[in-house]
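File shown: entry13.txt. Contents: compact mmCIF, C-alpha atoms.
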```txt
# COMPACT_ATOMS: atom_id res chain seq x y z
CA MET A 203 96.84 -144.29 -20.18
CA ARG A 204 99.27 -143.56 -22.97
CA TRP A 205 99.96 -139.98 -22.08
CA LEU A 206 101.07 -140.93 -18.59
CA LEU A 207 104.01 -142.75 -20.17
CA SER A 208 105.09 -139.61 -21.94
CA LEU A 209 107.10 -136.68 -20.73
CA ALA A 210 106.65 -133.49 -22.69
CA ILE A 211 108.92 -130.59 -21.79
CA LEU A 212 108.98 -127.23 -23.50
CA THR A 213 112.55 -126.04 -23.21
CA LEU A 214 112.66 -122.40 -24.14
CA GLY A 215 115.88 -121.16 -25.60
CA ALA A 216 117.37 -124.62 -25.97
CA ALA A 217 119.61 -125.54 -28.85
CA PRO A 218 117.53 -128.22 -30.56
CA ALA A 219 120.51 -130.24 -31.73
CA ALA A 220 122.23 -130.54 -28.41
CA ALA A 221 120.50 -133.20 -26.44
CA GLN A 222 120.20 -136.38 -28.51
CA ASP A 223 121.83 -139.25 -26.68
CA SER A 224 122.92 -142.57 -28.11
CA ALA A 225 119.63 -144.27 -27.29
CA GLN A 226 117.27 -141.64 -28.68
CA ALA A 227 115.72 -140.95 -32.04
CA GLN A 228 115.33 -137.35 -33.11
CA LEU A 229 112.64 -135.61 -35.15
CA VAL A 230 113.32 -132.02 -36.17
CA PHE A 231 110.49 -129.93 -37.59
CA PHE A 232 112.43 -127.05 -39.10
CA ASP A 233 111.10 -123.52 -39.08
CA VAL A 234 111.24 -122.94 -42.83
CA GLY A 235 108.56 -120.28 -43.03
CA GLN A 236 105.59 -121.40 -45.11
CA GLY A 237 106.51 -124.99 -45.96
CA ASP A 238 107.58 -128.34 -44.57
CA ALA A 239 110.96 -129.88 -43.76
CA VAL A 240 111.39 -132.66 -41.20
CA LEU A 241 114.52 -134.58 -40.30
CA VAL A 242 114.40 -138.04 -38.75
CA ARG A 243 117.66 -139.23 -37.18
CA SER A 244 118.05 -142.69 -35.68
CA PRO A 245 120.20 -143.42 -32.63
CA GLU A 246 122.67 -145.02 -35.06
CA GLY A 247 122.97 -141.72 -36.93
CA ARG A 248 120.94 -142.75 -40.00
CA THR A 249 118.97 -139.86 -41.45
CA ALA A 250 115.81 -139.28 -43.45
CA LEU A 251 114.76 -135.84 -44.65
CA ILE A 252 111.06 -135.56 -45.39
CA ASP A 253 110.56 -132.48 -47.57
CA ALA A 254 113.04 -129.62 -47.76
CA GLY A 255 111.07 -126.39 -47.40
CA PRO A 256 110.71 -123.58 -49.93
CA ARG A 257 114.42 -122.64 -50.03
CA SER A 258 117.81 -123.97 -48.96
CA ILE A 259 117.99 -125.66 -45.55
CA VAL A 260 121.60 -126.75 -46.04
CA ALA A 261 122.88 -124.47 -43.24
CA GLN A 262 120.30 -125.87 -40.79
CA LEU A 263 121.30 -129.44 -41.66
CA GLN A 264 125.00 -128.61 -41.33
CA GLU A 265 124.34 -127.07 -37.91
CA LEU A 266 123.10 -130.50 -36.86
CA GLY A 267 126.44 -131.97 -37.88
CA LEU A 268 125.16 -133.83 -40.93
CA ASP A 269 127.48 -134.63 -43.81
CA ALA A 270 125.21 -137.07 -45.65
CA ILE A 271 121.53 -137.92 -46.02
CA ASP A 272 120.56 -141.57 -46.19
CA LEU A 273 117.06 -140.97 -47.53
CA ALA A 274 115.30 -137.90 -48.89
CA ILE A 275 111.54 -138.01 -49.36
CA ALA A 276 109.52 -135.45 -51.30
CA SER A 277 105.92 -135.83 -50.15
CA HIS A 278 104.72 -134.05 -53.31
CA PRO A 279 106.28 -131.60 -55.76
CA HIS A 280 104.91 -128.24 -54.59
CA ALA A 281 107.60 -125.59 -54.18
CA ASP A 282 107.00 -125.13 -50.44
CA HIS A 283 108.05 -128.78 -50.00
CA ILE A 284 110.77 -129.26 -52.61
CA GLY A 285 112.16 -125.74 -53.03
CA GLY A 286 115.20 -126.62 -50.92
CA MET A 287 115.66 -130.19 -52.14
CA GLU A 288 117.99 -129.49 -55.06
CA HIS A 289 120.26 -127.57 -52.64
CA VAL A 290 120.33 -130.67 -50.42
CA LEU A 291 121.28 -132.91 -53.35
CA ARG A 292 124.07 -130.50 -54.28
CA ALA A 293 125.43 -130.15 -50.73
CA PHE A 294 125.21 -133.73 -49.43
CA PRO A 295 125.58 -137.26 -50.72
CA VAL A 296 122.01 -138.60 -50.72
CA ARG A 297 121.78 -142.40 -50.94
CA TYR A 298 118.06 -142.78 -51.68
CA TYR A 299 115.35 -140.44 -52.92
CA LEU A 300 111.65 -141.25 -52.83
CA ASP A 301 108.74 -139.26 -54.22
CA ASN A 302 105.10 -139.73 -55.14
CA GLY A 303 105.79 -140.20 -58.86
CA ALA A 304 103.68 -137.21 -59.85
CA THR A 305 105.33 -134.84 -62.29
CA HIS A 306 105.22 -131.06 -62.21
CA THR A 307 106.12 -128.32 -64.67
CA THR A 308 107.84 -125.75 -62.44
CA MET A 309 111.52 -124.99 -62.90
CA THR A 310 111.90 -125.86 -59.19
CA TYR A 311 110.80 -129.44 -59.95
CA ARG A 312 112.65 -129.73 -63.27
CA THR A 313 115.94 -128.54 -61.80
CA LEU A 314 115.60 -130.97 -58.90
CA MET A 315 114.89 -133.95 -61.15
CA ARG A 316 117.72 -133.07 -63.52
CA ARG A 317 120.08 -132.98 -60.55
CA LEU A 318 118.70 -136.29 -59.33
CA GLU A 319 119.25 -137.94 -62.71
CA ARG A 320 122.87 -136.72 -62.82
CA SER A 321 123.53 -138.03 -59.31
CA ARG A 322 124.21 -141.57 -58.10
CA THR A 323 121.20 -141.40 -55.81
CA THR A 324 118.89 -144.41 -55.99
CA TYR A 325 115.34 -143.42 -56.82
CA LEU A 326 112.56 -145.20 -54.93
CA ARG A 327 108.89 -145.34 -55.81
CA ALA A 328 106.32 -144.71 -53.08
CA THR A 329 105.16 -148.32 -52.87
CA ALA A 330 104.03 -149.99 -49.66
CA ARG A 331 107.51 -150.67 -48.36
CA THR A 332 109.50 -150.38 -45.17
CA ILE A 333 112.77 -148.49 -45.01
CA THR A 334 114.91 -149.26 -41.99
CA LEU A 335 117.20 -146.59 -40.54
CA GLY A 336 118.99 -148.64 -37.88
CA SER A 337 116.45 -149.07 -35.08
CA VAL A 338 113.98 -146.63 -36.67
CA THR A 339 111.63 -147.86 -39.37
CA LEU A 340 109.75 -145.80 -41.92
CA ARG A 341 106.59 -147.35 -43.31
CA ILE A 342 105.67 -145.76 -46.60
CA LEU A 343 101.95 -145.15 -47.14
CA PRO A 344 101.44 -145.04 -50.91
CA PRO A 345 99.22 -142.23 -52.17
CA PRO A 346 96.23 -142.89 -54.41
CA PRO A 347 97.04 -142.83 -58.15
CA THR A 348 94.89 -139.83 -59.01
CA GLY A 349 93.96 -136.49 -57.52
CA SER A 350 95.59 -133.12 -56.99
CA LEU A 351 99.25 -133.01 -56.02
CA ASN A 352 98.24 -132.40 -52.39
CA GLU A 353 95.99 -135.46 -52.52
CA ARG A 354 98.89 -137.61 -53.73
CA SER A 355 101.23 -136.77 -50.88
CA VAL A 356 103.38 -139.64 -49.67
CA GLY A 357 102.51 -140.75 -46.13
CA VAL A 358 105.21 -141.89 -43.71
CA VAL A 359 104.85 -143.67 -40.37
CA VAL A 360 108.00 -143.35 -38.28
CA ALA A 361 108.32 -146.13 -35.69
CA PHE A 362 110.89 -146.40 -32.91
CA GLY A 363 109.86 -148.97 -30.32
CA GLU A 364 106.68 -147.69 -28.68
CA PHE A 365 107.11 -144.26 -30.28
CA ASN A 366 105.28 -143.55 -33.54
CA ALA A 367 104.90 -140.47 -35.68
CA ILE A 368 102.92 -139.90 -38.88
CA LEU A 369 103.57 -137.35 -41.61
CA THR A 370 101.27 -136.98 -44.60
CA GLY A 371 102.48 -133.92 -46.47
CA ASP A 372 99.60 -131.78 -47.68
CA SER A 373 96.96 -134.54 -47.60
CA GLU A 374 93.37 -133.42 -47.69
CA TRP A 375 90.23 -135.21 -46.54
CA ALA A 376 90.03 -137.82 -49.30
CA GLU A 377 93.64 -138.90 -48.87
CA LEU A 378 93.32 -139.06 -45.09
CA GLU A 379 90.44 -141.51 -45.63
CA HIS A 380 92.65 -143.45 -48.04
CA PHE A 381 95.38 -143.71 -45.38
CA GLN A 382 92.83 -144.83 -42.79
CA LEU A 383 91.82 -147.66 -45.14
CA LEU A 384 95.48 -148.63 -45.47
CA GLY A 385 95.68 -148.74 -41.68
CA VAL A 386 97.36 -146.21 -39.44
CA PRO A 387 98.56 -146.76 -35.86
CA ASP A 388 98.05 -144.74 -32.70
CA VAL A 389 100.84 -142.20 -32.85
CA THR A 390 102.79 -140.13 -30.41
CA VAL A 391 103.31 -137.30 -32.90
CA LEU A 392 101.20 -136.20 -35.85
CA LYS A 393 102.40 -133.60 -38.33
CA ALA A 394 99.32 -131.59 -39.18
CA ALA A 395 98.53 -132.18 -42.84
CA HIS A 396 98.54 -129.18 -45.17
CA HIS A 397 100.06 -126.75 -42.67
CA GLY A 398 97.01 -126.91 -40.39
CA GLY A 399 94.53 -126.21 -43.17
CA ALA A 400 90.85 -126.93 -42.57
CA ASN A 401 90.96 -129.58 -45.29
CA GLY A 402 93.87 -131.42 -43.61
CA VAL A 403 92.10 -132.88 -40.60
CA THR A 404 88.89 -134.61 -39.60
CA PRO A 405 87.64 -135.92 -36.25
CA GLU A 406 87.90 -139.41 -37.78
CA TRP A 407 91.57 -138.87 -38.64
CA LEU A 408 92.36 -137.80 -35.09
CA ALA A 409 90.34 -140.74 -33.70
CA ALA A 410 92.30 -143.12 -35.93
CA THR A 411 95.74 -141.75 -35.01
CA ARG A 412 95.17 -140.55 -31.41
CA PRO A 413 98.17 -138.22 -31.32
CA GLU A 414 99.68 -136.94 -28.09
CA VAL A 415 101.49 -134.12 -29.88
CA VAL A 416 100.57 -132.28 -33.08
CA VAL A 417 103.17 -130.19 -34.90
CA ILE A 418 101.92 -127.59 -37.36
CA SER A 419 104.55 -126.43 -39.85
CA THR A 420 103.53 -123.06 -41.21
CA GLY A 421 104.87 -119.56 -41.76
CA ARG A 422 104.34 -116.49 -39.63
CA GLY A 423 101.79 -114.19 -41.27
CA ASN A 424 101.22 -116.58 -44.16
CA GLY A 425 98.54 -115.35 -46.52
CA TYR A 426 96.64 -118.63 -46.63
CA GLY A 427 95.10 -118.51 -43.17
CA HIS A 428 97.13 -121.47 -41.87
CA PRO A 429 96.40 -122.84 -39.40
CA HIS A 430 92.65 -122.64 -39.85
CA PRO A 431 90.81 -121.87 -36.58
CA GLU A 432 88.53 -124.92 -36.92
CA ALA A 433 91.47 -127.22 -37.54
CA LEU A 434 93.40 -125.69 -34.67
CA SER A 435 90.43 -126.25 -32.37
CA LEU A 436 90.31 -129.93 -33.34
CA TYR A 437 94.02 -130.34 -32.70
CA LEU A 438 93.91 -128.50 -29.37
CA ASN A 439 91.09 -130.73 -28.18
CA ALA A 440 93.07 -133.82 -29.07
CA ALA A 441 96.71 -133.14 -28.27
CA THR A 442 99.47 -130.78 -27.24
CA VAL A 443 100.12 -128.47 -30.18
CA TYR A 444 103.39 -126.97 -31.33
CA ARG A 445 103.65 -124.54 -34.25
CA THR A 446 106.76 -123.59 -36.14
CA ASP A 447 105.31 -120.12 -36.73
CA VAL A 448 105.03 -119.62 -32.97
CA HIS A 449 107.68 -121.89 -31.44
CA GLY A 450 110.27 -121.92 -34.25
CA THR A 451 112.02 -125.20 -34.98
CA VAL A 452 110.51 -128.02 -32.94
CA THR A 453 112.73 -130.94 -31.92
CA ILE A 454 111.42 -134.16 -30.42
CA LEU A 455 113.74 -136.63 -28.73
CA ALA A 456 112.15 -140.06 -28.43
CA SER A 457 113.04 -143.18 -26.50
CA GLN A 458 112.01 -146.70 -27.42
CA ASP A 459 109.69 -146.98 -24.42
CA GLY A 460 107.57 -144.22 -25.98
CA THR A 461 108.65 -141.39 -23.70
CA PHE A 462 109.79 -138.20 -25.37
CA ARG A 463 110.89 -134.61 -24.86
CA VAL A 464 109.94 -131.62 -26.96
CA MET A 465 112.32 -128.71 -27.37
CA THR A 466 111.70 -125.53 -29.28
CA ALA A 467 113.88 -122.76 -30.56
CA ALA A 468 111.55 -119.99 -29.37
CA ARG A 469 113.10 -117.45 -27.07
CA GLU A 470 111.68 -117.12 -23.60
CA GLY A 471 108.75 -114.77 -23.55
CA GLU A 472 108.00 -115.17 -27.25
CA ALA A 473 106.14 -118.44 -27.18
CA PRO A 474 102.93 -119.13 -25.32
CA PRO A 475 102.89 -122.31 -23.26
CA PRO A 476 101.65 -125.31 -25.22
CA HIS A 477 98.20 -126.63 -24.62
CA VAL A 478 98.43 -129.64 -22.30
CA ARG A 479 95.65 -132.16 -21.89
CA MET B 74 107.48 -101.69 -74.21
CA SER B 75 106.65 -105.11 -72.79
CA ALA B 76 108.06 -108.61 -72.91
CA ASP B 77 106.56 -112.05 -72.40
CA ARG B 78 107.61 -114.03 -69.36
CA VAL B 79 106.76 -117.55 -68.22
CA TYR B 80 105.14 -118.34 -64.88
CA VAL B 81 103.92 -121.76 -63.75
CA VAL B 82 101.00 -122.45 -61.43
CA ASP B 83 102.70 -124.33 -58.60
CA ARG B 84 99.51 -124.75 -56.55
CA ILE B 85 96.16 -123.18 -55.80
CA GLU B 86 95.28 -122.35 -52.20
CA HIS B 87 91.87 -120.92 -51.36
CA ARG B 88 91.36 -119.19 -54.71
CA GLN B 89 94.91 -117.91 -54.69
CA ALA B 90 97.33 -119.25 -57.26
CA VAL B 91 100.95 -119.56 -56.25
CA LEU B 92 103.02 -118.96 -59.38
CA VAL B 93 106.70 -119.70 -59.79
CA ASP B 94 108.85 -118.12 -62.47
CA ASP B 95 111.80 -119.88 -64.06
CA GLN B 96 114.17 -118.21 -61.57
CA GLY B 97 112.25 -119.76 -58.65
CA THR B 98 110.58 -116.57 -57.45
CA THR B 99 107.03 -117.06 -56.23
CA PHE B 100 104.03 -114.79 -56.75
CA THR B 101 100.59 -115.13 -55.18
CA VAL B 102 97.77 -114.06 -57.48
CA SER B 103 93.99 -114.30 -57.17
CA THR B 104 92.65 -116.97 -59.50
CA GLU B 105 90.10 -114.37 -60.62
CA ASP B 106 92.94 -112.49 -62.29
CA LEU B 107 94.01 -115.55 -64.29
CA PRO B 108 92.38 -117.43 -67.17
CA ARG B 109 89.27 -119.27 -66.02
CA GLY B 110 89.80 -122.87 -64.93
CA VAL B 111 93.57 -122.58 -64.68
CA ASN B 112 95.05 -125.65 -62.95
CA GLU B 113 98.24 -126.43 -61.08
CA GLY B 114 100.98 -127.18 -63.57
CA ALA B 115 99.70 -124.75 -66.19
CA VAL B 116 102.47 -122.80 -67.91
CA LEU B 117 101.38 -119.18 -68.30
CA VAL B 118 102.78 -116.56 -70.61
CA VAL B 119 102.37 -113.08 -69.13
CA LYS B 120 103.30 -109.65 -70.39
CA VAL B 121 105.71 -107.74 -68.18
CA GLU B 122 106.03 -104.00 -68.71
CA ALA B 123 109.52 -102.54 -68.75
CA GLY B 124 110.21 -101.26 -65.24
CA GLY B 125 106.94 -102.74 -64.00
CA GLY B 126 105.51 -105.99 -62.79
CA PRO B 127 103.67 -108.78 -64.56
CA ARG B 128 100.27 -107.87 -66.02
CA TRP B 129 98.24 -110.85 -64.86
CA ASP B 130 95.26 -109.80 -66.98
CA THR B 131 97.34 -110.70 -70.04
CA ALA B 132 98.06 -114.25 -68.83
CA ARG B 133 97.39 -117.06 -71.28
CA VAL B 134 97.97 -120.78 -70.86
CA ASP B 135 100.71 -122.15 -73.11
CA GLN B 136 99.20 -125.60 -73.66
CA ALA B 137 102.06 -126.84 -75.83
CA GLU B 138 104.75 -125.88 -73.31
CA THR B 139 102.69 -127.34 -70.47
CA ALA B 140 102.41 -130.66 -72.33
CA ARG B 141 106.09 -130.58 -73.31
CA ARG B 142 107.22 -130.10 -69.71
CA HIS B 143 104.95 -132.91 -68.46
CA ALA B 144 106.25 -135.26 -71.17
CA GLU B 145 109.87 -134.40 -70.39
CA ALA B 146 109.25 -135.02 -66.67
CA LYS B 147 107.54 -138.36 -67.31
CA ASP B 148 110.41 -139.54 -69.49
CA ARG B 149 112.93 -138.61 -66.81
CA LEU B 150 110.86 -140.30 -64.12
CA GLU B 151 110.68 -143.52 -66.14
CA ARG B 152 114.47 -143.54 -66.40
CA LEU B 153 114.85 -142.91 -62.67
CA LYS B 154 112.40 -145.71 -61.80
CA LYS B 155 114.82 -148.19 -63.34
CA ARG B 156 117.17 -147.49 -60.42
CA ASP B 157 114.59 -148.74 -57.89
CA PRO B 158 115.72 -152.13 -56.53
CA GLY B 159 112.19 -152.83 -55.27
CA GLY B 160 111.12 -154.20 -51.90
CA ASP B 161 112.11 -153.05 -48.45
CA ILE B 162 115.33 -151.13 -47.87
CA ALA B 163 117.71 -151.46 -44.93
CA LEU B 164 120.08 -148.57 -44.27
```
Can the structure in the file be given as structure tokens, please?
Amino acid sequence: MRWLLSLAILTLGAAPAAAQDSAQAQLVFFDVGQGDAVLVRSPEGRTALIDAGPRSIVAQLQELGLDAIDLAIASHPHADHIGGMEHVLRAFPVRYYLDNGATHTTMTYRTLMRRLERSRTTYLRATARTITLGSVTLRILPPPPTGSLNERSVGVVVAFGEFNAILTGDSEWAELEHFQLLGVPDVTVLKAAHHGGANGVTPEWLAATRPEVVVISTGRGNGYGHPHPEALSLYLNAATVYRTDVHGTVTILASQDGTFRVMTAAREGEAPPPHVR
Amino acid sequence: MSADRVYVVDRIEHRQAVLVDDQGTTFTVSTEDLPRGVNEGAVLVVKVEAGGGPRWDTARVDQAETARRHAEAKDRLERLKKRDPGGDIAL
């Protein structure tokens, strides 16, 4: 059984950046309050930032020792996903930038895109393409051409040997069906779509992806009811669940044989133990 | 004494609109307090009283500014797309 191959450890009080060794890939789900920001770092040191939270995450990236970003992806242009992206473009050389091609009218979006146009960053469309970060590959799942901004979130499958993760921004039911039609693998880690909202998960989606770990990125005391109790129940019945609002920043260190460790920034006594199947 | 200020509907979550002003500050407002049928991306003009907050009941959609911002963004995106080399990327 897949889960027997995996080793999940909750390390309370650990420094999330400390333990990556030269053979491991790293996924960091930053605690950005109500929003999303995820860093993928290959064993070779190549980096992809998928969303950048509602405000600057430059200090958190610098704490990880980064001085450049190889690829930045904006799943969709809502402020809780791109609010910190212009800060990233100002602070770091960013080689490639990919988004869903949907425009927005907020100053947050306009300032970001003006900065992008002035930079030397190469813009990439969210076509069905593979982006290789050393031994880690990102498969881009193109969004459908129409729908709300949530429903046009870019999907990303992160693959590192036997380890897979899937991130789908703020996808709702219709887009999850769209991704299932495109084909999604069994995954080790699933980022809960739409911050654990009720419209970001279905039993069919969990059956298609079969996650061992679900990470919910949401803010403490958010006013939107994230995560929704029904969605949380589905996740808890399917996988071990980590929440940035409870556990703080969640770091996953993965090996090519599919084994992994989970570390959180929560202080001892603050975080409840994760649900374990 | 009041002045007009611009707020944009960033997104709508469970009948709450998340508005962003041009300084990047966010406000969460019930959609019932905004013009009926307001959508994400709508540019709103709202009266703000001196020394007070925005009066959401005065909000009106600025259709021309909404269209202008979308057109500007599409033009910029078309220019950026020309940088895309196409195909898979190896880093």
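When all atoms listed in the file are used to compute distances to Pro108 of chain B, the closest of the residues B:Ile162, B:Ala90, B:Ala123, B:Ala146 turns out to be B:Ala90.
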If you count only C-alpha atoms, which residues fall within 9 Å of Thr139 of chain B, apart from same-chain ones fewer than 6 positions away, as number ranges by chain? A: 307; B: 81, 114-117
Neighbours of chain A in chain B at 8 Å, counting all atoms listed in the file, as a ChimeraX atom specification: /B:81-84,86-87,93-97,114-116,139,142-143,146-147,149-150,153-154,156-164
Env of Val358 of chain A: 10 Å cut, atoms = only C-alpha atoms, seq-sep filter 4 positions within chain, self excluded. Answer as a PyMOL selection string. chain A and resi 252+275+277+328+332+339-344+367-371+386
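Computed from the coordinates, the atom CA of Ala276 of chain A to atom CA of Asp253 of chain A distance equals 4.9 Å.
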Please identify all polymer residues within 9 Å of Val240 of chain A, counting only C-alpha atoms, omitting same-chain residues fewer than 4 positions from it, and present them as number ranges by chain. A: 229-232, 250-255
Take atom CA of Gln136 of chain B and atom CA of Val118 of chain B and report the distance between them in Å, one decimal.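 Taking atom CA of Gln136 of chain B and atom CA of Val118 of chain B, their separation equals 10.2 Å.
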Report, in Å with one decimal, the straight-line distance from atom CA of Met287 of chain A to atom CA of Asp301 of chain A.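 Between atom CA of Met287 of chain A and atom CA of Asp301 of chain A the gap works out to 11.6 Å.
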A:Leu291, A:Val359, A:Val448, A:Val403: which is nearest Gly385 of chain A, counting all atoms listed in the file? A:Val359
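Residue neighbourhood of segment 124-133 of chain B, excluding near-sequence residues (fewer than 4 positions): B:Met74, B:Ser75, B:Ala76, B:Asp77, B:Arg78, B:Val79, B:Tyr80, B:Phe100, B:Val102, B:Ser103, B:Thr104, B:Glu105, B:Asp106, B:Leu107, B:Pro108, B:Arg109, B:Val111, B:Ala115, B:Val116, B:Leu117, B:Val118, B:Val119, B:Lys120, at 10 Å, using only C-alpha atoms.
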Residue contacts of Pro413 of chain A (12 Å, all atoms listed in the file) excluding same-chain residues fewer than 4 positions away, as a ChimeraX atom specification: /A:204-205,208,365-369,386-394,405,407-409,417,436-443,479
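Restricting the calculation to only C-alpha atoms, the smallest distance between Asn302 of chain A and any of A:Gly421, A:Gly363, A:Pro431, A:Pro347 is found for A:Pro347.
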Counting all atoms listed in the file, which residues come within 8 Å of (125.9, -136.0, -45.5), with the point read in the file's coordinates, and could you list them as a list in words?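 Every residue inside that radius is included here: Leu268, Asp269, Ala270, Ile271, Asp272, Ala293, Phe294, Pro295 and Val296 of chain A.
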6 Å per side around segment 309-318 of chain A: axis-aligned box centre and edge lengths, as AutoDock Vina command-line options:
```
--center_x 115.4 --center_y -130.6 --center_z -61.2 --size_x 21.3 --size_y 23.3 --size_z 16.6
```
